[in-house]
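K.L.:
Pasting upload_36.txt below, which is compact mmCIF, C-alpha atoms.
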# COMPACT_ATOMS: atom_id res chain seq x y z
CA MET Z 1 -7.00 39.23 24.60
CA LYS Z 2 -5.64 36.28 22.71
CA ALA Z 3 -2.87 37.06 20.29
CA VAL Z 4 -3.27 35.40 16.97
CA ALA Z 5 -0.17 36.33 15.02
CA GLY Z 6 2.69 33.89 14.83
CA GLY Z 7 1.41 30.83 16.57
CA ALA Z 8 3.72 28.11 17.71
CA THR Z 9 5.99 26.80 15.03
CA ALA Z 10 8.17 23.76 15.15
CA GLY Z 11 10.91 25.67 16.91
CA GLY Z 12 8.48 27.07 19.41
CA LYS Z 13 9.00 30.63 18.20
CA THR Z 14 6.09 32.86 18.95
CA ALA Z 15 5.14 36.34 17.95
CA GLN Z 16 6.75 39.18 19.85
CA SER Z 17 3.51 40.87 20.74
CA THR Z 18 2.07 38.07 22.86
CA SER Z 19 2.18 38.09 26.62
CA PRO Z 20 4.25 35.36 28.30
CA GLU Z 21 1.14 33.46 29.32
CA ASP Z 22 -0.27 33.54 25.79
CA GLN Z 23 3.04 32.18 24.55
CA TRP Z 24 2.96 29.41 27.11
CA ALA Z 25 -0.54 28.46 26.04
CA LEU Z 26 0.46 28.40 22.37
CA LEU Z 27 3.47 26.26 23.13
CA LEU Z 28 1.59 23.85 25.36
CA ARG Z 29 -1.13 23.45 22.77
CA ALA Z 30 1.51 22.72 20.16
CA ALA Z 31 3.14 20.26 22.56
CA ASN Z 32 -0.17 18.54 23.12
CA SER Z 33 -0.50 18.01 19.41
CA GLY Z 34 2.88 16.32 19.37
CA ASP Z 35 5.44 19.12 18.94
CA ALA Z 36 8.31 18.14 21.23
CA ALA Z 37 10.39 21.18 20.27
CA ALA Z 38 7.58 23.52 21.32
CA TYR Z 39 7.37 21.60 24.54
CA ARG Z 40 11.09 21.92 25.24
CA SER Z 41 10.87 25.61 24.47
CA LEU Z 42 7.96 26.00 26.90
CA LEU Z 43 9.81 24.26 29.72
CA LEU Z 44 12.91 26.37 29.07
CA LYS Z 45 10.83 29.54 29.18
CA LEU Z 46 9.11 28.47 32.38
CA THR Z 47 12.28 27.51 34.21
CA PRO Z 48 13.52 31.01 35.15
CA VAL Z 49 10.01 31.98 36.24
CA LEU Z 50 9.72 28.88 38.41
CA ARG Z 51 13.21 29.48 39.79
CA ALA Z 52 12.40 33.05 40.80
CA PHE Z 53 9.15 31.87 42.36
CA ALA Z 54 10.93 29.11 44.31
CA ARG Z 55 13.60 31.50 45.56
CA ARG Z 56 10.97 33.97 46.71
CA GLY Z 57 9.10 31.21 48.52
CA LEU Z 58 12.22 29.96 50.25
CA ALA Z 59 13.22 33.48 51.22
CA ARG Z 60 9.79 34.15 52.66
CA ALA Z 61 10.06 30.98 54.74
CA GLY Z 62 13.45 32.16 55.99
CA LEU Z 63 15.34 29.45 54.13
CA SER Z 64 18.33 29.83 51.85
CA GLY Z 65 17.76 29.72 48.14
CA ALA Z 66 20.08 26.73 47.83
CA ASP Z 67 17.20 24.30 47.41
CA ALA Z 68 15.42 26.34 44.76
CA GLU Z 69 16.67 24.13 41.95
CA ASP Z 70 15.18 21.04 43.58
CA ILE Z 71 11.82 22.76 43.70
CA VAL Z 72 12.16 23.87 40.07
CA GLN Z 73 12.85 20.31 38.98
CA GLU Z 74 10.00 18.88 41.00
CA THR Z 75 7.66 21.48 39.54
CA LEU Z 76 8.76 20.76 35.98
CA LEU Z 77 8.21 17.07 36.58
CA ALA Z 78 4.75 17.76 38.00
CA ILE Z 79 3.85 20.00 35.05
CA HIS Z 80 5.00 17.23 32.76
CA LEU Z 81 3.10 14.40 34.42
CA LYS Z 82 -0.05 16.44 35.03
CA ARG Z 83 -0.24 18.30 31.75
CA GLN Z 84 -3.40 16.44 30.77
CA SER Z 85 -5.13 18.34 33.60
CA TRP Z 86 -4.85 21.59 31.67
CA ASP Z 87 -8.02 22.29 29.77
CA GLU Z 88 -6.90 23.83 26.47
CA SER Z 89 -9.68 26.37 26.59
CA ALA Z 90 -8.66 27.62 30.05
CA PRO Z 91 -5.88 30.16 30.68
CA VAL Z 92 -2.58 28.38 31.24
CA GLY Z 93 -1.15 30.91 33.72
CA PRO Z 94 -3.32 29.96 36.70
CA TRP Z 95 -2.75 26.29 35.95
CA ILE Z 96 1.04 26.63 36.07
CA ARG Z 97 0.89 28.97 39.06
CA VAL Z 98 -1.17 26.52 41.10
CA ILE Z 99 1.14 23.61 40.29
CA ALA Z 100 4.21 25.67 41.21
CA HIS Z 101 2.52 26.82 44.38
CA HIS Z 102 1.50 23.28 45.28
CA LYS Z 103 5.04 22.01 44.79
CA ILE Z 104 6.70 24.76 46.80
CA ILE Z 105 4.29 24.34 49.69
CA ASP Z 106 5.00 20.63 49.57
CA ALA Z 107 8.76 21.23 49.57
CA LEU Z 108 8.50 23.61 52.52
CA ARG Z 109 6.29 21.19 54.42
CA ARG Z 110 8.97 18.56 54.01
CA ARG Z 111 11.45 20.98 55.49
CA GLY Z 112 9.14 21.50 58.41
CA ARG Z 113 7.91 24.93 57.33
CA ARG Z 114 4.43 26.11 56.88
CA LEU Z 115 3.95 29.08 54.72
CA HIS Z 116 1.19 31.14 53.39
CA LEU Z 117 2.53 32.07 50.03
CA PRO Z 118 0.57 34.52 47.98
CA LEU Z 119 -0.11 33.27 44.50
CA ASP Z 120 0.11 36.68 42.90
CA ASP Z 121 3.14 38.25 41.27
CA PHE Z 122 4.13 34.89 39.93
CA THR Z 123 5.43 36.34 36.71
CA GLY Z 124 6.70 39.41 38.55
CA SER Z 125 10.43 39.00 38.23
CA LEU Z 126 11.09 37.20 35.02
CA ALA Z 127 14.76 38.02 34.86
CA SER Z 128 15.91 37.26 38.38
CA GLY Z 129 15.88 33.50 38.11
CA ASP Z 130 17.88 33.16 34.96
CA GLU Z 131 21.06 31.50 36.03
CA GLU Z 132 21.18 27.82 36.77
CA PRO Z 133 23.73 26.49 39.26
CA ASP Z 134 26.70 25.08 37.36
CA ARG Z 135 27.00 21.77 39.03
CA PHE Z 136 23.99 20.58 40.84
CA ILE Z 137 23.35 17.37 42.72
CA GLY Z 138 19.80 17.50 43.94
CA THR Z 139 17.02 15.30 45.21
CA VAL Z 140 16.27 14.13 41.68
CA ASP Z 141 19.78 12.68 41.53
CA GLN Z 142 19.36 10.93 44.86
CA HIS Z 143 16.19 9.28 43.67
CA LEU Z 144 17.71 8.37 40.30
CA GLU Z 145 19.80 5.86 42.21
CA GLY Z 146 16.64 4.11 43.31
CA LEU Z 147 15.22 3.62 39.81
CA ALA Z 148 15.29 0.31 38.00
CA PRO Z 149 18.66 0.06 36.20
CA GLY Z 150 17.03 0.00 32.76
CA GLN Z 151 15.07 3.17 33.45
CA ARG Z 152 18.09 4.87 34.97
CA LYS Z 153 20.41 4.22 32.05
CA ILE Z 154 17.82 5.42 29.54
CA LEU Z 155 17.06 8.53 31.53
CA HIS Z 156 20.78 9.21 31.77
CA ALA Z 157 21.39 8.66 28.07
CA ILE Z 158 18.56 10.98 27.04
CA ALA Z 159 18.87 13.66 29.69
CA VAL Z 160 22.58 13.88 30.39
CA GLU Z 161 24.12 12.57 27.17
CA GLY Z 162 21.46 14.31 25.09
CA LYS Z 163 20.66 11.24 23.01
CA SER Z 164 17.42 10.96 21.08
CA ILE Z 165 15.01 8.09 21.59
CA ALA Z 166 16.32 6.51 18.39
CA GLU Z 167 19.97 6.88 19.45
CA ALA Z 168 19.26 5.43 22.87
CA ALA Z 169 17.40 2.55 21.24
CA ALA Z 170 20.39 1.84 19.00
CA GLU Z 171 22.84 2.02 21.89
CA PHE Z 172 20.95 -0.40 24.10
CA ALA Z 173 19.70 -2.61 21.25
CA MET Z 174 16.10 -1.91 22.20
CA LYS Z 175 13.02 -1.02 20.21
CA PRO Z 176 12.26 2.72 20.26
CA GLY Z 177 8.88 1.90 21.77
CA ALA Z 178 10.54 0.13 24.67
CA VAL Z 179 12.83 3.11 25.22
CA ARG Z 180 9.83 5.41 25.31
CA VAL Z 181 8.06 3.21 27.82
CA ALA Z 182 11.13 2.95 30.05
CA LEU Z 183 11.64 6.72 29.92
CA HIS Z 184 8.04 7.43 30.82
CA ARG Z 185 8.02 4.88 33.62
CA GLY Z 186 11.30 6.24 34.91
CA LEU Z 187 9.91 9.78 35.09
CA ASN Z 188 6.76 8.49 36.79
CA ALA Z 189 8.78 6.51 39.32
CA LEU Z 190 10.95 9.56 39.98
CA ALA Z 191 7.88 11.68 40.70
CA MET Z 192 6.48 9.02 43.01
CA LYS Z 193 9.73 8.82 44.96
CA LEU Z 194 9.81 12.60 45.28
CA ASN Z 195 6.20 12.65 46.48
CA ALA Z 196 6.80 9.90 49.00
CA GLU Z 197 9.61 11.88 50.59
CA GLY Z 198 8.91 12.88 54.16
CA ARG Z 199 5.54 11.16 54.26
CA MET S 1 21.07 16.34 37.02
CA LYS S 2 20.89 19.82 35.67
CA THR S 3 17.50 21.31 35.02
CA ARG S 4 18.30 21.61 31.32
CA GLU S 5 19.02 17.92 31.24
CA LEU S 6 15.79 17.08 32.97
CA ILE S 7 13.97 19.18 30.39
CA GLU S 8 15.57 17.11 27.60
CA ALA S 9 14.13 13.99 29.17
CA LEU S 10 10.70 15.57 29.60
CA ALA S 11 10.66 16.80 25.99
CA ALA S 12 11.68 13.34 24.78
CA ASP S 13 8.71 11.98 26.74
CA ASN S 14 6.28 14.39 25.08
CA GLY S 15 4.87 11.50 23.05
CA ALA S 16 3.49 9.86 26.19
CA ARG S 17 0.42 11.99 26.66
CA ALA S 18 -2.50 10.82 28.71
CA ILE S 19 -6.06 11.61 27.72
CA SER S 20 -7.40 14.81 29.20
CA THR S 21 -8.52 14.64 32.80
CA SER S 22 -12.09 15.66 31.93
CA ARG S 23 -12.31 12.87 29.42
CA ALA S 24 -10.77 10.41 31.89
CA LEU S 25 -13.39 11.37 34.47
CA ALA S 26 -16.22 10.99 31.98
CA LEU S 27 -14.88 7.63 30.82
CA ALA S 28 -14.33 6.40 34.37
CA SER S 29 -17.84 7.25 35.47
CA ALA S 30 -19.38 5.08 32.74
CA PRO S 31 -18.24 1.68 34.09
CA GLY S 32 -18.88 2.90 37.63
CA ILE S 33 -22.48 3.74 36.81
CA ALA S 34 -22.86 0.50 34.83
CA ILE S 35 -21.65 -1.58 37.79
CA ALA S 36 -23.91 0.32 40.19
CA LEU S 37 -26.91 -0.27 37.90
CA THR S 38 -26.13 -3.95 37.44
CA LEU S 39 -25.73 -4.43 41.18
CA HIS S 40 -28.92 -2.51 41.71
CA ILE S 41 -31.02 -4.48 39.21
CA SER S 42 -29.61 -7.87 40.18
CA VAL S 43 -29.42 -7.52 43.96
CA LEU S 44 -31.93 -4.91 45.02
CA GLY S 45 -34.25 -4.86 42.07
CA LEU S 46 -36.59 -2.15 40.91
CA ARG S 47 -39.56 -1.44 43.05
CA PRO S 48 -42.68 -3.34 41.93
CA GLN S 49 -44.97 -1.18 39.79
CA LEU S 50 -42.36 1.57 39.77
CA PHE S 51 -43.53 2.99 36.48
CA SER S 52 -47.17 3.22 37.45
CA LEU S 53 -46.12 4.86 40.72
CA LEU S 54 -44.14 7.58 38.96
CA GLY S 55 -47.20 9.80 39.03
CA ASP S 56 -46.53 10.38 42.73
CA PRO S 57 -44.63 13.65 42.95
CA ARG S 58 -42.64 12.33 45.94
CA ILE S 59 -41.16 9.46 43.93
CA LEU S 60 -40.41 11.63 40.97
CA PHE S 61 -38.87 14.21 43.27
CA LYS S 62 -36.45 11.89 45.04
CA ILE S 63 -35.27 10.36 41.77
CA ALA S 64 -34.89 13.73 40.06
CA LEU S 65 -33.15 15.26 43.06
CA THR S 66 -30.51 12.53 43.29
CA ILE S 67 -29.88 12.72 39.55
CA LEU S 68 -29.57 16.50 39.83
CA LEU S 69 -27.04 16.06 42.65
CA ALA S 70 -25.05 13.62 40.52
CA LEU S 71 -24.96 16.08 37.60
CA LEU S 72 -24.08 19.10 39.72
CA SER S 73 -21.41 17.30 41.72
CA PHE S 74 -19.83 15.93 38.56
CA ARG S 75 -19.19 19.54 37.51
CA VAL S 76 -17.41 20.07 40.80
CA VAL S 77 -15.33 16.93 40.34
CA LEU S 78 -14.27 18.11 36.87
CA ARG S 79 -13.13 21.44 38.27
CA VAL S 80 -11.28 20.18 41.34
CA ALA S 81 -9.17 17.96 39.10
CA GLN S 82 -7.82 20.94 37.17
CA PRO S 83 -5.37 23.29 38.89
CA GLY S 84 -6.45 26.89 38.63
CA ALA S 85 -10.00 26.09 37.52
CA ARG S 86 -12.77 27.92 39.35
CA VAL S 87 -14.49 25.56 41.73
CA ARG S 88 -16.62 28.19 43.42
CA GLY S 89 -19.42 28.46 40.88
CA PRO S 90 -20.16 24.74 40.56
CA ALA S 91 -19.70 24.28 44.32
CA LEU S 92 -22.23 27.01 45.06
CA ARG S 93 -24.70 25.47 42.64
CA LEU S 94 -24.63 22.30 44.75
CA TRP S 95 -26.66 24.22 47.33
CA LEU S 96 -29.57 24.03 44.93
CA VAL S 97 -30.09 20.45 46.09
CA PRO S 98 -30.58 21.12 49.84
CA ALA S 99 -32.64 24.18 48.93
CA LEU S 100 -35.02 22.11 46.81
CA LEU S 101 -35.11 19.48 49.52
CA ALA S 102 -36.00 22.09 52.13
CA ALA S 103 -38.84 23.32 49.94
CA ALA S 104 -40.09 19.75 49.49
CA ILE S 105 -39.95 19.16 53.25
CA LEU S 106 -42.01 22.26 53.79
CA ALA S 107 -44.59 21.05 51.29
CA GLU S 108 -44.61 17.63 52.92
CA LEU S 109 -45.14 19.09 56.39
CA LEU S 110 -48.08 21.06 55.05
CA ALA S 111 -49.57 18.07 53.25
CA VAL S 112 -49.13 15.45 55.96
CA PRO S 113 -50.83 15.63 59.38
CA GLU S 114 -48.43 16.18 62.26
CA GLY S 115 -49.13 12.78 63.74
CA LEU S 116 -47.56 11.08 60.71
CA TRP S 117 -44.36 13.16 60.53
CA ARG S 118 -42.38 10.79 62.70
CA GLN S 119 -43.44 7.76 60.73
CA LYS S 120 -42.55 9.46 57.45
CA LEU S 121 -39.15 10.41 58.79
CA VAL S 122 -38.24 6.99 60.14
CA GLY S 123 -39.75 5.13 57.19
CA SER S 124 -39.58 1.37 56.93
CA ASN S 125 -36.15 0.79 55.54
CA ALA S 126 -33.73 3.30 57.04
CA LEU S 127 -30.89 0.91 57.86
CA PHE S 128 -31.20 -0.82 54.53
CA CYS S 129 -30.98 2.56 52.84
CA LEU S 130 -27.85 3.43 54.83
CA GLY S 131 -26.22 0.20 53.71
CA SER S 132 -27.40 0.12 50.10
CA ILE S 133 -26.42 3.60 48.97
CA PRO S 134 -22.75 3.24 49.94
CA LEU S 135 -22.68 -0.25 48.43
CA LEU S 136 -24.03 1.04 45.12
CA ALA S 137 -21.69 4.02 45.33
CA ALA S 138 -18.55 1.94 45.77
CA ALA S 139 -17.81 1.31 42.08
CA PRO S 140 -18.51 4.89 40.94
CA LEU S 141 -16.33 6.15 43.78
CA ALA S 142 -13.45 3.88 42.85
CA GLY S 143 -13.68 4.85 39.18
CA THR S 144 -13.84 8.55 39.92
CA LEU S 145 -10.90 8.43 42.34
CA LEU S 146 -8.88 6.50 39.80
CA ALA S 147 -9.54 9.13 37.14
CA LEU S 148 -8.81 11.93 39.62
CA ARG S 149 -5.38 10.42 40.22
CA GLN S 150 -4.32 11.44 36.76
CA GLY S 151 -5.60 14.95 37.39
CA ALA S 152 -3.96 17.35 39.81
CA PRO S 153 -6.37 18.22 42.64
CA GLU S 154 -5.09 21.11 44.71
CA ARG S 155 -6.82 19.81 47.80
CA PRO S 156 -6.84 16.03 47.71
CA ALA S 157 -9.29 15.50 50.59
CA LEU S 158 -11.77 17.96 49.14
CA ALA S 159 -11.48 16.38 45.72
CA GLY S 160 -12.09 12.99 47.29
CA ALA S 161 -15.15 14.33 49.09
CA ALA S 162 -16.52 15.73 45.83
CA ALA S 163 -15.99 12.34 44.21
CA GLY S 164 -17.82 10.82 47.18
CA ILE S 165 -20.82 13.12 46.76
CA PHE S 166 -20.95 12.28 43.06
CA ALA S 167 -20.71 8.54 43.70
CA GLY S 168 -23.14 8.75 46.60
CA ALA S 169 -25.64 10.56 44.39
CA ILE S 170 -25.39 7.82 41.78
CA GLY S 171 -25.92 5.21 44.48
CA ALA S 172 -28.85 7.19 45.81
CA ALA S 173 -30.42 7.63 42.36
CA CYS S 174 -30.32 3.86 41.86
CA TYR S 175 -31.60 3.19 45.34
CA ALA S 176 -34.42 5.68 44.88
CA THR S 177 -35.99 3.37 42.29
CA HIS S 178 -36.03 0.55 44.83
CA CYS S 179 -36.83 2.20 48.13
CA PRO S 180 -40.50 2.32 49.22
CA ASP S 181 -39.93 5.35 51.48
CA ASP S 182 -40.81 8.37 49.39
CA SER S 183 -41.22 11.19 51.88
CA PRO S 184 -38.81 14.11 51.52
CA LEU S 185 -38.39 13.76 55.28
CA PHE S 186 -36.95 10.29 54.79
CA VAL S 187 -34.77 11.45 51.90
CA ALA S 188 -33.43 14.37 53.89
CA ALA S 189 -32.52 12.21 56.86
CA TRP S 190 -31.27 8.93 55.46
CA TYR S 191 -30.18 9.63 51.90
CA SER S 192 -28.18 12.61 53.17
CA LEU S 193 -26.57 10.53 55.87
CA ALA S 194 -25.68 7.78 53.40
CA ILE S 195 -24.25 10.24 50.85
CA GLY S 196 -22.39 12.01 53.63
CA PHE S 197 -20.84 8.72 54.59
CA VAL S 198 -19.64 8.12 51.01
CA ALA S 199 -18.30 11.68 50.90
CA ALA S 200 -16.33 11.09 54.11
CA ALA S 201 -14.93 7.86 52.70
CA GLY S 202 -13.99 9.76 49.54
CA ALA S 203 -12.25 12.46 51.58
CA LEU S 204 -10.19 9.89 53.46
CA ALA S 205 -9.30 8.08 50.26
CA GLY S 206 -8.46 11.40 48.61
CA ARG S 207 -6.09 12.40 51.36
CA ARG S 208 -4.28 9.16 50.89
CA TRP S 209 -4.37 8.55 47.16
CA LEU S 210 -4.87 11.88 45.45
CA ARG S 211 -1.67 13.55 46.61
CA TRP S 212 0.78 14.44 43.90
For this file, produce the structure as structure tokens.

P.N.:
Amino acid sequence: MKAVAGGATAGGKTAQSTSPEDQWALLLRAANSGDAAAYRSLLLKLTPVLRAFARRGLARAGLSGADAEDIVQETLLAIHLKRQSWDESAPVGPWIRVIAHHKIIDALRRRGRRLHLPLDDFTGSLASGDEEPDRFIGTVDQHLEGLAPGQRKILHAIAVEGKSIAEAAAEFAMKPGAVRVALHRGLNALAMKLNAEGR
Amino acid sequence: MKTRELIEALAADNGARAISTSRALALASAPGIAIALTLHISVLGLRPQLFSLLGDPRILFKIALTILLALLSFRVVLRVAQPGARVRGPALRLWLVPALLAAAILAELLAVPEGLWRQKLVGSNALFCLGSIPLLAAAPLAGTLLALRQGAPERPALAGAAAGIFAGAIGAACYATHCPDDSPLFVAAWYSLAIGFVAAAGALAGRRWLRW
């Protein structure tokens, strides 16, 4: 079952023969042992799958797909902040599927919809969710405004300007450790604001 | 913010990894159990001559049964914290506890004359039992809920209830070494009620604090 060849390398490249879920598991294991590039690669690979899943969920609830990107971002944030809940010996597919499902149900509930969404065919249409909207102002952006200024500027520098931790530290005359802490707290605060929505 | 940009931020935060949820739960239960034991020894105290009484199968049974419930329910707590993990198996195994209790009740009813059944059921300390078990369970419950917060329970109320059963079982195991009522009839009535109360409190707390 488990493909051995390749393994996750620094760039997150995996062997061709592995199934998507095996690749995800390899990448997440590498991420857990500190490989940020593998982690980025995992999140990039998951994004179209999550997007297709969100669009399907919205369509099933009779809503437009316009909000799919919000759901994708909330799911990525949840995967990030809950990744310690994946047991490395367990299959990663069900773990991701349940988180995505949980987040879409939550998003629909906030929009006043209840939906029984089947968990299956999660990886069904890998290709259909490939394109990201060009300009996108979503709920994450609305909540960014509510973050502490220090957290917001660091999040902006790293996410939008693409700076590294070290570059951000240099720009704001901070210690890298302090930048890391502010980034992590900012992401946590963002998730809490998203969760508090509509409650 | 574009999704790609968010991913940059998440990847940059890869260094901030929490310890695994299973380890967090195991670590959190240690101080909870320690506080429960301390409270137990200092406030309630062990039953006089407990060790010489251990020959009585009833005493051994109630202590072993509560410990078994704590072990089995901890497996459930571990699973409910992990999205996609199978909860069914460990949850079904919990039924072992009421099954054993039913068997013990049957044995008790056969061993004890009918005229004494009522007295065995009511015992001498029922209200104290109802108060003590939740009190002893409070710290384990708080610790377990705290650790569950860093996990991702699919159903927060259910996860809270599982934490409540686990904490209630710890409280009950401590209390069992104090309580002079040994009949399985007493255990079935009052211990169950007390643990059920902790489970309900856990469910309410879970609904409120375990959402993510």

K.L.:
Residues of range 31-118 of chain Z that have any atom at most 6 Å from an atom of range 81-97 of chain S: could you tabulate them with the shortest-distance atom pair and the distance in Å to one decimal, using only C-alpha atoms, ordered by chain and increasing number, as a tab-separated table?

P.N.:
residue	atom	partner	partner_atom	distance
Z:Ser85	CA	S:Gln82	CA	5.2
Z:Pro94	CA	S:Gly84	CA	4.8
Z:Trp95	CA	S:Gly84	CA	4.6
Z:Val98	CA	S:Pro83	CA	5.7

K.L.:
Using all atoms listed in the file, which residue out of Z:Glu69, Z:Asp106, Z:Glu161, Z:Glu167 lies closest to Asp141 in chain Z?

P.N.:
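Of the candidates, the smallest distance to Asp141 in chain Z is held by Z:Glu69.
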
K.L.:
Excluding Leu53 in chain S and any residue of its chain fewer than 6 positions from it, enumerate the residues within 12 Å of it, using all atoms listed in the file, and give them as a short mmCIF file (atom, residue, chain, number, x, y, z; two decimals) with C-alpha atoms, keeping the file's coordinate frame.

P.N.:
data_model
loop_
_atom_site.label_atom_id
_atom_site.label_comp_id
_atom_site.auth_asym_id
_atom_site.auth_seq_id
_atom_site.Cartn_x
_atom_site.Cartn_y
_atom_site.Cartn_z
CA LEU S 46 -36.59 -2.15 40.91
CA ARG S 47 -39.56 -1.44 43.05
CA ILE S 59 -41.16 9.46 43.93
CA LEU S 60 -40.41 11.63 40.97
CA THR S 177 -35.99 3.37 42.29
CA HIS S 178 -36.03 0.55 44.83
CA PRO S 180 -40.50 2.32 49.22
CA ASP S 182 -40.81 8.37 49.39
#

K.L.:
Pull out every residue of chain S that has at least one atom within 10 Å of chain Z, counting all atoms listed in the file, and report them as a PyMOL selection string.

P.N.:
chain S and resi 1-24+78-79+81-85+148-155+211-212

K.L.:
Using all atoms listed in the file, can you tell me which of Z:Leu58, Z:Val49, Z:Leu27, Z:Ile104 comes closest to Ile71 in chain Z?

P.N.:
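For Ile71 in chain Z, the nearest of the candidates is Z:Ile104.
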
K.L.:
Could you name the residues that touch range 103-117 of chain S at 9 Å or less, counting all atoms listed in the file, but leaving out those on the same chain fewer than 5 positions away, as an MDAnalysis selection string?

P.N.:
chainID S and resid 58 61 98 122 183:185 188

K.L.:
What separation in Å, quoted to one decimal, exists between CA of Ser192 in chain S and CA of Pro140 in chain S?

P.N.:
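Separation of CA of Ser192 in chain S and CA of Pro140 in chain S: 17.4 Å.
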
K.L.:
Using all atoms listed in the file, which residues sit within 7 Å of range 39-45 of chain S once same-chain residues fewer than 2 positions away are excluded, as a CSV table (one decimal) with C-alpha atoms, in the frame of the given file?

P.N.:
chain,number,residue,atom,x,y,z
S,35,ILE,CA,-21.6,-1.6,37.8
S,36,ALA,CA,-23.9,0.3,40.2
S,37,LEU,CA,-26.9,-0.3,37.9
S,47,ARG,CA,-39.6,-1.4,43.0
S,136,LEU,CA,-24.0,1.0,45.1
S,174,CYS,CA,-30.3,3.9,41.9
S,178,HIS,CA,-36.0,0.6,44.8

K.L.:
Would you mind telling me which residue in S:Gly55, S:Gly32, S:Pro48, S:Gly206 lies nearest to Ala167 in chain S when using all atoms listed in the file?

P.N.:
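When distances to Ala167 in chain S are compared using all atoms listed in the file, the smallest one comes from S:Gly32.
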
K.L.:
Taking only C-alpha atoms into account, which of S:Pro156, S:Gly164, S:Gly143, S:Gly171 comes nearest Gly131 in chain S?

P.N.:
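The shortest atom-to-atom distance to Gly131 in chain S comes from S:Gly171.
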
K.L.:
As AutoDock Vina command-line options, please: the centre and edge lengths in Å, to one decimal, of an axis-aligned box enclosing every listed atom of range 73-76 of chain Z with 8 Å added on each side.

P.N.:
--center_x 10.3 --center_y 20.2 --center_z 38.5 --size_x 21.2 --size_y 18.6 --size_z 21.0

K.L.:
For the atom pair CA of Arg111 in chain Z and CA of Leu158 in chain S, what is the interatomic distance in Å to one decimal place?

P.N.:
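Straight-line distance from CA of Arg111 in chain Z to CA of Leu158 in chain S works out to 24.3 Å.
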
K.L.:
What does the distance between CA of Leu145 in chain S and CA of Leu127 in chain S come to in Å, to one decimal place?

P.N.:
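These atoms are spaced 26.4 Å apart.
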
K.L.:
Can you tell me which residues surround Ser124 in chain S at a distance of at most 10 Å, considering only C-alpha atoms, apart from same-chain residues fewer than 4 positions away, and format the answer as a PyMOL selection string?

P.N.:
chain S and resi 119-120+128-129+179-181+186
